[in-house]
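I have placed the structure first, in the form of C-alpha cells, so that the comments after it can refer back to it.
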Amino acid sequence: MAENGNILEAVNVRKEFGGLIAVNDVDFVIPRGKIVSLIGPNGAGKTTFFNILTGVYKPTAGGVYFDGRPIAGLPPHEVTTLGMARTFQNIRLFHNMTALENVLVARHSRIKGGVLRSIFRTPGLKKEEQEAHERAHDLLEFSGLRRKDDDYAKNLAYGDQRRLEVARALATEPKLLLLDEPTAGMNPEETANFTTFVARLREEQNMTVLLIEHDMKVVMGISDRVTVLDYGEKIAEGEPKQVQHDPRVIEAYLGTAATG
Amino acid sequence: MTTPAARLRAPEWLGSDLARRWGLPLAVIALIVSYPLWAIEDPFRALFVDKLGMDMDTVFQMAVYVMLALGLNIVVGYAGLLDLGYVAFFALGAYTLGWFGSGLFSERNLHFLDVGNKELPGLHLSFWVVVPLAGLFCAIAGIIIGWPTLRLRGDYLAIVTLGFGEIIPDVFRNGDDIAGHNLTNGVRGVTQLDRPGFGTTLNDATGGLLPDRYSSLPSELKPWFYTILFMCLVTIFVNLRLRDSKMGRAWIAVREDEIAASAMGVPLMRTKLWAYAIGGVFGGLAGSIYGSFINGIFPTSFSFQISIIVLVMVVVGGMGNIWGVIVGASLIAWLNFAGLGKIGDWINGAIPGSGNDIDITKYKFGLFGILLILMMLFRPEGLIPSARRKAEFREGEGEASLYDVAR
C-alpha cells in the first residue's frame with residue numbers, strides 16, 4: 001500500500017468464529033486528521049472489527065494497513081507502538097493503580113531504558129522517567145483530570161474513568177485514536193463535554209479518531225464520515241447527513257416496516 | 001511563655017520528611033548490622049540466643065529465606081503469576097555451586113581465583129564468580145521454563161509451575177547417570193563445597209578484616225552473616241528500583257488487566273518472562289550461598305515444601321510490599337527453624353511437672369495452615385500490605401459511590 005491520505009486502510013477484512021461470520025469482507029478507510037464513526041445495531045460486528053484493527057484478533061482473511069504498513073496479525077502491543085491507541089467499551093483501567101500510574105503504564109513503549117538501566121538508575125533514565133511523569137501529569141490535566149493524579153482509578157467518578165482511559169491512550173503517542181463507545185453510560189452533560197473534548201483533540205493535536213458510538217447526537221455532531229455495519233457487512237458509508245437518510249440504515253435500525 | 005506542650009515538642013529534625021521516611025528503616029538496619037556485636041554477647045545472648053533461638057545459624061537461614069521471598073515477590077506479588085515451583089531456582093543455584101565449586105567433576109582440575117587447596121581435583125571457580133553465575137543460570141532457566149508455561153493463566157500456570165518444582169529436584173536426583181556422565185552425584189548429593197573467601201593477599205592488606213577463607217566453626221560465622229546481609233540488601237535495592245521503573249509498572253498492569261496492558265503497548269510475554277527471570281535470579285543467588293553454608297547439596301533438600309513456605313512468607317507478609325515480605329519471611333523462617341521448638345520449650349516449662357515433652361515442631365505444617373487460615377480471615381492483605389493490595393482486598397467496604405452513573 002502506498003502512502004496516501006489515509007492513515008488506515010482495511011481491505012476485504014473477514015473474521016469467522018467457527019461458522020459465524022462476524023465481519024464479512026469489509027473495506028474501510030480512515031483519512032488522516034478526520035473523525036470517522038462506525039455505527040450499527042448491537043451485534044453488528046463493530047467491536048470485532050475494532051479488535052481486528054488493534055491486533056486483539058487476527059482476521060480470517062483480508063489485510064489491514066496502518067500508515068502504509070501491513071499490521072494484520074501483529075500483537076496489540078506492536079500495533080500500539082506503531083501509533084494506534086484505543087479505549088474499551090467496558091472500561092478497562094488498571095483499577096488498583098493511581099490515575100498517574102495508569103497513564104505512565106502507557107508510556108511503556110516510549111521509555112527506552114530497560115531493566116538494567118532501571119536498576120542502576122542512570123542519568124539518562126532518570127531524565128526519561130521525569131519527562132514521562134511530567135507528560136503524564138500534563139495529559140491528565142488536558143483530559144480534565146486536574147489534581148486526580150494520586151487517586152486510584154477505581155475511585156474516580158464514571159465520567160472521569162472514561163477520561164482517564166482517553167488520557168492513557170493518548171500517552172502512547174498515537175497517530176490514530178480508537179474510541180469504543182466512549183459515552184456509554186454518561187449523562188447528557190458528560191456526553192456533551194466529552195464530544196467537545198474529542199473535537200478539541202482533532203483541533204489541537206491534529207488527531208485522527210475512529211469512534212464506535214450509539215449516541216446519534218454525538219455521531220452526527222462530530223463525525224466527518226460515518227460507516228454503518230449490519231450483520232458484519234458494510235451497508236452504508238459517507239457523510240453523516242447522507243447516511244442518516246439511507247434507507248438500508250433506517251431498515252437496519254428500525255426494521256423493514258419503517259421504510260414502508 | 002513556654003507551655004508544657006511546647007517544651008515537650010520533638011526536635012525539628014525528627015518531624016522532617018527525611019527523618020519520618022528513613023528514621024525507622026535506618027534504626028532497624030543499624031540494629032541488624034550490629035547484630036553480631038550485641039546479640040551474641042551477654043546480656044542479650046540470654047534473650048536472643050537462649051530464649052528465642054536466634055543464633056547466627058538461624059539468622060543466616062532467615063536471611064536466605066528473605067532473599068527467596070523477595071525473589072518470589074516479584075513473580076507473585078508484582079506480576080501476579082502464581083508460581084508453585086520456586087524451589088527449582090533455589091535448587092539450581094545450589095547445584096551451580098556444586099558444579100563450579102566442588103570436587104564433583106574429579107577428572108577435571110580447574111582453579112580460578114578460588115581460596116581452597118589448589119591440589120583438589122574438580123572445578124573450583126572463585127565463590128564470587130559462582131554466585132553471579134548461579135544467578136545467570138537461573139535467569140536462563142526462568143526463560144526456558146517460562147517460554148512455554150507463561151502463556152497459561154491462573155490455575156493452569158500454577159499447576160505447571162508445580163510440576164516444574166517437582167521435576168527439577170528429580171532431575172538432580174537422577175542426574176548421576178546422564179548418558180554415562182555423573183552430573184549431580186544423585187541421592188548421595190554434593191559435599192565438600194567451596195567456601196567464600198578473599199584470599200591471603202586481601203586478608204593481609206585489610207589487616208584480617210576480609211577473611212582469607214570463611215570458616216564453618218559456629219563461633220566464626222560473622223563473615224557469613226555479613227555476606228548474606230549484603231546479598232539481602234542488594235536484593236532489596238533491586239526490588240525497590242524495579243518497583244518504581246517502567247518494568248515494575250508493567251508487571252502491576254499485567255496483573256490488573258492483561259488485555260488493557262497489551263493495548264497500552266506492554267508486551268505481555270516479555271514482561272512476564274522478565275518477572276520470572278529476575279525472580280529466578282534471586283532464588284539462584286540464595287541457593288548458591290546456602291549450599292556453601294550448609295556444605296552439602298542433596299536433592300531431598302529441595303522439596304515442594306520450600307516452594308509453599310516461601311509463598312506463605314510472601315502472602316503473610318503482604319504481597320507486593322517489600323518490607324512486608326521481609327517481615328513475613330523473617331517471621332516464618334524463624335518459626336520454622338527455631339521458633340516453634342522454643343515455643344514448645346516454653347509450653348513444656350510452663351506446665352507444672354517435669355518431663356513434659358510436647359514437641360510442637362511435629363505439628364509444624366498444621367500450625368502454618370492454621371496461621372494461613374487466620375491470616376486469610378482477619379488480615380488477607382498481609383501483615384504490612386502495599387497500599388495497592390490493601391485497596392484490592394478491602395474493595396467494596398464502606399464504598400457507597402461505587403456506581404455513580406448518573407443517568
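The chains in the C-alpha cells are called A, B, ... from first to last as shown; in each chain the residues are counted from 1, and the ligands are counted from 1 in the order shown.
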Could you pull the residues within 10 Å of Ile145 of chain B, counting only C-alpha atoms, minus those fewer than 2 positions along the same chain, as an MDAnalysis selection string? chainID B and resid 139:143 147:150 160:161 164 273 276:277
Restricting the output to C-alpha atoms, write the selected residues as a compact mmCIF listing (two decimals), in the first residue's frame.
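Contents of again_13.txt, freshly written:
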# COMPACT_ATOMS: atom_id res chain seq x y z
CA ALA B 139 17.63 -16.38 34.71
CA ILE B 140 18.17 -18.60 31.69
CA ALA B 141 16.23 -21.43 33.32
CA GLY B 142 13.45 -18.97 34.12
CA ILE B 143 13.21 -18.02 30.48
CA TRP B 147 8.60 -19.57 27.50
CA PRO B 148 6.05 -22.37 27.16
CA THR B 149 4.31 -22.02 30.54
CA LEU B 150 3.68 -18.30 30.84
CA VAL B 160 2.53 -26.35 35.50
CA THR B 161 4.96 -24.49 37.79
CA PHE B 164 8.48 -27.99 37.29
CA LEU B 273 9.45 -13.52 31.29
CA TYR B 276 10.18 -14.93 36.02
CA ALA B 277 13.84 -14.50 35.14
For chain B, list the residues within 9 Å of chain A, counting only C-alpha atoms, and write the list as a compact mmCIF listing (two decimals) with C-alpha atoms, in the first residue's frame.
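Output file part-v4.txt is given in full below:
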# COMPACT_ATOMS: atom_id res chain seq x y z
CA PHE B 237 17.74 -2.44 46.38
CA VAL B 238 16.94 -4.13 43.07
CA ASN B 239 13.38 -4.80 44.22
CA LEU B 240 12.87 -1.15 45.09
CA ARG B 241 14.39 0.14 41.89
CA LEU B 242 12.37 -2.21 39.72
CA ASP B 244 9.49 2.21 40.57
CA SER B 245 10.55 1.52 37.00
CA LYS B 246 8.68 1.03 33.77
CA MET B 247 9.01 -2.73 34.25
CA ARG B 249 4.52 -0.60 36.46
CA ALA B 250 4.14 -3.02 33.56
CA ILE B 252 1.32 -4.50 38.00
CA ALA B 253 -0.58 -3.53 34.86
CA VAL B 254 -0.32 -7.10 33.55
CA ARG B 255 -1.60 -8.39 36.87
CA GLU B 256 -4.51 -5.98 36.80
CA ASP B 257 -5.64 -6.45 33.20
CA ILE B 259 -5.73 -7.07 27.60
CA ALA B 260 -5.59 -3.43 28.61
CA ALA B 261 -1.87 -3.69 29.32
CA SER B 262 -1.08 -5.08 25.89
CA ALA B 263 -3.31 -2.46 24.27
CA MET B 264 -1.21 0.16 26.03
CA GLY B 265 1.98 -1.15 24.47
CA VAL B 266 3.14 -3.59 27.16
CA PRO B 267 4.48 -6.79 25.56
CA LEU B 268 2.85 -9.47 27.73
CA TRP B 274 11.39 -10.68 32.92
CA ARG B 388 -2.47 -1.11 46.39
CA ARG B 389 -3.12 -4.58 47.74
CA ALA B 391 -7.25 -1.33 48.40
CA GLU B 392 -7.78 -4.53 46.46
CA SER B 401 -20.48 5.56 45.46
CA LEU B 402 -19.24 2.58 43.51
CA TYR B 403 -21.90 3.02 40.87
CA ASP B 404 -22.29 6.72 40.50
CA VAL B 405 -23.54 6.52 36.95
CA ALA B 406 -25.92 9.43 36.97
CA ARG B 407 -28.47 8.96 34.27
Quick one: residues within 8 Å of segment 31-46 of chain B, only C-alpha atoms counted, chain neighbours fewer than 2 positions away excluded, as a PyMOL selection string? chain B and resi 27-29+48-51+55-56+222+226+229
Test item: residues at most 6 Å from segment 221-238 of chain A, only C-alpha atoms, excluding those fewer than 3 positions along its chain, as an MDAnalysis selection string: chainID A and resid 22:24 35:40 44:45 217:218 243
Please provide as a PyMOL selection string all residues within 12 Å of Leu133 of chain B, with the sequence filter that same-chain residues fewer than 2 positions apart are discarded (counting only C-alpha atoms). chain B and resi 92-101+125-131+135-140+281-282+284-285+287-289
Emit the selected residues as a CSV table (one decimal), in the first residue's frame, including N, CA and C atoms.
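out_8.csv, freshly written:
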chain,number,residue,atom,x,y,z
B,92,LEU,N,18.6,-25.1,41.6
B,92,LEU,CA,19.6,-24.9,40.5
B,92,LEU,C,20.8,-24.0,41.0
B,93,GLY,N,20.5,-23.0,41.8
B,93,GLY,CA,21.5,-22.1,42.3
B,93,GLY,C,22.5,-22.9,43.1
B,94,ALA,N,22.0,-23.8,44.0
B,94,ALA,CA,22.8,-24.6,44.8
B,94,ALA,C,23.7,-25.6,44.0
B,95,TYR,N,23.0,-26.2,43.0
B,95,TYR,CA,23.8,-27.1,42.1
B,95,TYR,C,24.8,-26.4,41.3
B,96,THR,N,24.6,-25.2,40.9
B,96,THR,CA,25.6,-24.4,40.2
B,96,THR,C,26.9,-24.3,41.0
B,97,LEU,N,26.7,-24.1,42.3
B,97,LEU,CA,27.9,-24.1,43.2
B,97,LEU,C,28.5,-25.5,43.2
B,98,GLY,N,27.6,-26.5,43.2
B,98,GLY,CA,28.1,-27.9,43.2
B,98,GLY,C,29.0,-28.2,42.0
B,99,TRP,N,28.6,-27.6,40.8
B,99,TRP,CA,29.3,-27.9,39.6
B,99,TRP,C,30.6,-27.1,39.5
B,100,PHE,N,30.6,-25.8,40.0
B,100,PHE,CA,31.7,-25.0,39.8
B,100,PHE,C,32.5,-24.7,41.1
B,101,GLY,N,32.1,-25.4,42.1
B,101,GLY,CA,32.8,-25.1,43.4
B,101,GLY,C,32.9,-26.3,44.3
B,125,LEU,N,35.9,-22.5,40.8
B,125,LEU,CA,35.9,-21.1,40.5
B,125,LEU,C,35.7,-20.4,41.8
B,126,SER,N,36.2,-19.1,41.8
B,126,SER,CA,36.0,-18.3,43.0
B,126,SER,C,34.5,-18.2,43.3
B,127,PHE,N,34.2,-18.3,44.6
B,127,PHE,CA,32.8,-18.2,45.1
B,127,PHE,C,32.2,-17.0,44.5
B,128,TRP,N,32.9,-15.9,44.4
B,128,TRP,CA,32.3,-14.6,43.9
B,128,TRP,C,32.0,-14.7,42.5
B,129,VAL,N,32.6,-15.6,41.8
B,129,VAL,CA,32.2,-15.8,40.4
B,129,VAL,C,31.0,-16.8,40.3
B,130,VAL,N,31.0,-17.8,41.2
B,130,VAL,CA,30.0,-18.8,41.1
B,130,VAL,C,28.6,-18.2,41.4
B,131,VAL,N,28.6,-17.2,42.4
B,131,VAL,CA,27.3,-16.7,42.8
B,131,VAL,C,26.6,-16.0,41.6
B,135,GLY,N,23.1,-17.0,39.5
B,135,GLY,CA,22.0,-16.1,39.1
B,135,GLY,C,21.7,-16.1,37.6
B,136,LEU,N,22.8,-16.1,36.8
B,136,LEU,CA,22.6,-16.2,35.4
B,136,LEU,C,21.9,-17.4,34.9
B,137,PHE,N,22.4,-18.6,35.5
B,137,PHE,CA,21.8,-19.9,35.1
B,137,PHE,C,20.3,-19.9,35.4
B,138,CYS,N,20.0,-19.3,36.5
B,138,CYS,CA,18.6,-19.3,36.9
B,138,CYS,C,17.7,-18.4,36.1
B,139,ALA,N,18.3,-17.3,35.6
B,139,ALA,CA,17.6,-16.4,34.7
B,139,ALA,C,17.3,-17.1,33.4
B,140,ILE,N,18.3,-17.8,32.9
B,140,ILE,CA,18.2,-18.6,31.7
B,140,ILE,C,17.1,-19.7,31.9
B,281,VAL,N,16.6,-15.3,39.4
B,281,VAL,CA,18.0,-14.9,39.8
B,281,VAL,C,18.2,-14.9,41.3
B,282,PHE,N,17.2,-14.3,42.0
B,282,PHE,CA,17.4,-14.2,43.5
B,282,PHE,C,17.3,-15.6,44.1
B,284,GLY,N,18.4,-18.2,42.7
B,284,GLY,CA,19.7,-18.8,42.4
B,284,GLY,C,20.8,-18.3,43.3
B,285,LEU,N,20.8,-17.0,43.5
B,285,LEU,CA,21.8,-16.4,44.4
B,285,LEU,C,21.7,-17.0,45.8
B,287,GLY,N,20.4,-19.8,46.6
B,287,GLY,CA,20.7,-21.2,46.6
B,287,GLY,C,22.2,-21.4,46.6
B,288,SER,N,23.0,-20.6,45.9
B,288,SER,CA,24.4,-20.8,45.9
B,288,SER,C,25.1,-20.6,47.2
B,289,ILE,N,24.7,-19.5,47.9
B,289,ILE,CA,25.4,-19.3,49.2
B,289,ILE,C,24.9,-20.3,50.3
Check segment 26-260 of chain A with DSSP on the backbone and list each residue it calls strand (DSSP E), as a PyMOL selection string. chain A and resi 26-31+35-39+61-66+69-70+84-86+176-180+208-212+225-230+233-238
Could you turn the residues from that selection into a file that holds C-alpha atoms, as an mmCIF file, in the first residue's frame?
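Saved file selection.cif follows:
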data_model
loop_
_atom_site.group_PDB
_atom_site.id
_atom_site.type_symbol
_atom_site.label_atom_id
_atom_site.label_comp_id
_atom_site.auth_asym_id
_atom_site.auth_seq_id
_atom_site.Cartn_x
_atom_site.Cartn_y
_atom_site.Cartn_z
ATOM 1 C CA VAL A 26 -15.372 -5.128 4.816
ATOM 2 C CA ASP A 27 -13.393 -2.395 3.045
ATOM 3 C CA PHE A 28 -12.750 0.595 5.211
ATOM 4 C CA VAL A 29 -10.513 3.657 5.234
ATOM 5 C CA ILE A 30 -9.768 6.388 7.731
ATOM 6 C CA PRO A 31 -8.493 9.625 6.191
ATOM 7 C CA ILE A 35 -13.130 11.799 12.856
ATOM 8 C CA VAL A 36 -14.711 8.648 11.477
ATOM 9 C CA SER A 37 -17.589 6.868 13.183
ATOM 10 C CA LEU A 38 -18.507 3.238 12.985
ATOM 11 C CA ILE A 39 -22.133 2.586 13.839
ATOM 12 C CA ALA A 61 -8.822 -13.056 5.511
ATOM 13 C CA GLY A 62 -8.008 -9.622 4.211
ATOM 14 C CA GLY A 63 -5.410 -7.023 5.098
ATOM 15 C CA VAL A 64 -5.093 -4.069 7.409
ATOM 16 C CA TYR A 65 -2.614 -1.308 6.586
ATOM 17 C CA PHE A 66 -1.630 1.356 9.048
ATOM 18 C CA ARG A 69 2.357 -0.920 6.802
ATOM 19 C CA PRO A 70 0.555 -4.248 6.975
ATOM 20 C CA MET A 84 -2.640 3.267 17.285
ATOM 21 C CA ALA A 85 -4.272 3.525 20.710
ATOM 22 C CA ARG A 86 -7.662 2.535 21.945
ATOM 23 C CA LEU A 176 -4.881 7.257 15.407
ATOM 24 C CA LEU A 177 -7.151 7.053 18.424
ATOM 25 C CA LEU A 178 -9.893 4.425 18.562
ATOM 26 C CA LEU A 179 -12.725 5.039 20.986
ATOM 27 C CA ASP A 180 -15.121 2.155 21.656
ATOM 28 C CA THR A 208 -7.346 11.117 13.713
ATOM 29 C CA VAL A 209 -10.191 9.407 15.561
ATOM 30 C CA LEU A 210 -12.240 6.294 14.949
ATOM 31 C CA LEU A 211 -15.363 6.239 17.047
ATOM 32 C CA ILE A 212 -17.794 3.434 17.773
ATOM 33 C CA ARG A 225 -17.573 10.338 7.870
ATOM 34 C CA VAL A 226 -19.793 7.513 9.044
ATOM 35 C CA THR A 227 -19.657 3.820 8.244
ATOM 36 C CA VAL A 228 -22.590 1.560 9.069
ATOM 37 C CA LEU A 229 -22.192 -2.158 9.761
ATOM 38 C CA ASP A 230 -25.009 -4.662 9.985
ATOM 39 C CA GLU A 233 -21.402 -6.225 6.407
ATOM 40 C CA LYS A 234 -20.869 -2.643 5.455
ATOM 41 C CA ILE A 235 -24.262 -1.329 4.400
ATOM 42 C CA ALA A 236 -23.569 2.378 4.079
ATOM 43 C CA GLU A 237 -20.762 4.861 4.152
ATOM 44 C CA GLY A 238 -20.474 8.606 3.686
#
Compare B:Asp194, B:Asp57, B:Asp345, B:Asp359 by their minimum atom-to-atom distance to Asp114 of chain B, counting only C-alpha atoms, and give me the closest one.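 Smallest distance to Asp114 of chain B is found for B:Asp194.
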To test your reading of the structure, identify every residue in segment 139-250 of chain B that backbone DSSP assigns to alpha helix (DSSP H), and report it as a ChimeraX atom specification. /B:139-149,154-173,199-205,222-243,246-250
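One finds atom CA of Asp160 of chain A at 22.5 Å from atom CA of Thr47 of chain A.
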Nearest-residue call for Gly283 of chain B, choices B:Ala338, B:Ala69, B:Met376, B:Val187, using only C-alpha atoms: B:Ala69
Measuring between only C-alpha atoms, which one of A:Gln242, A:Thr60, A:Thr196, A:Thr122 shows the shortest distance to Asn12 of chain A?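 Using only C-alpha atoms, the shortest distance to Asn12 of chain A belongs to A:Thr60.
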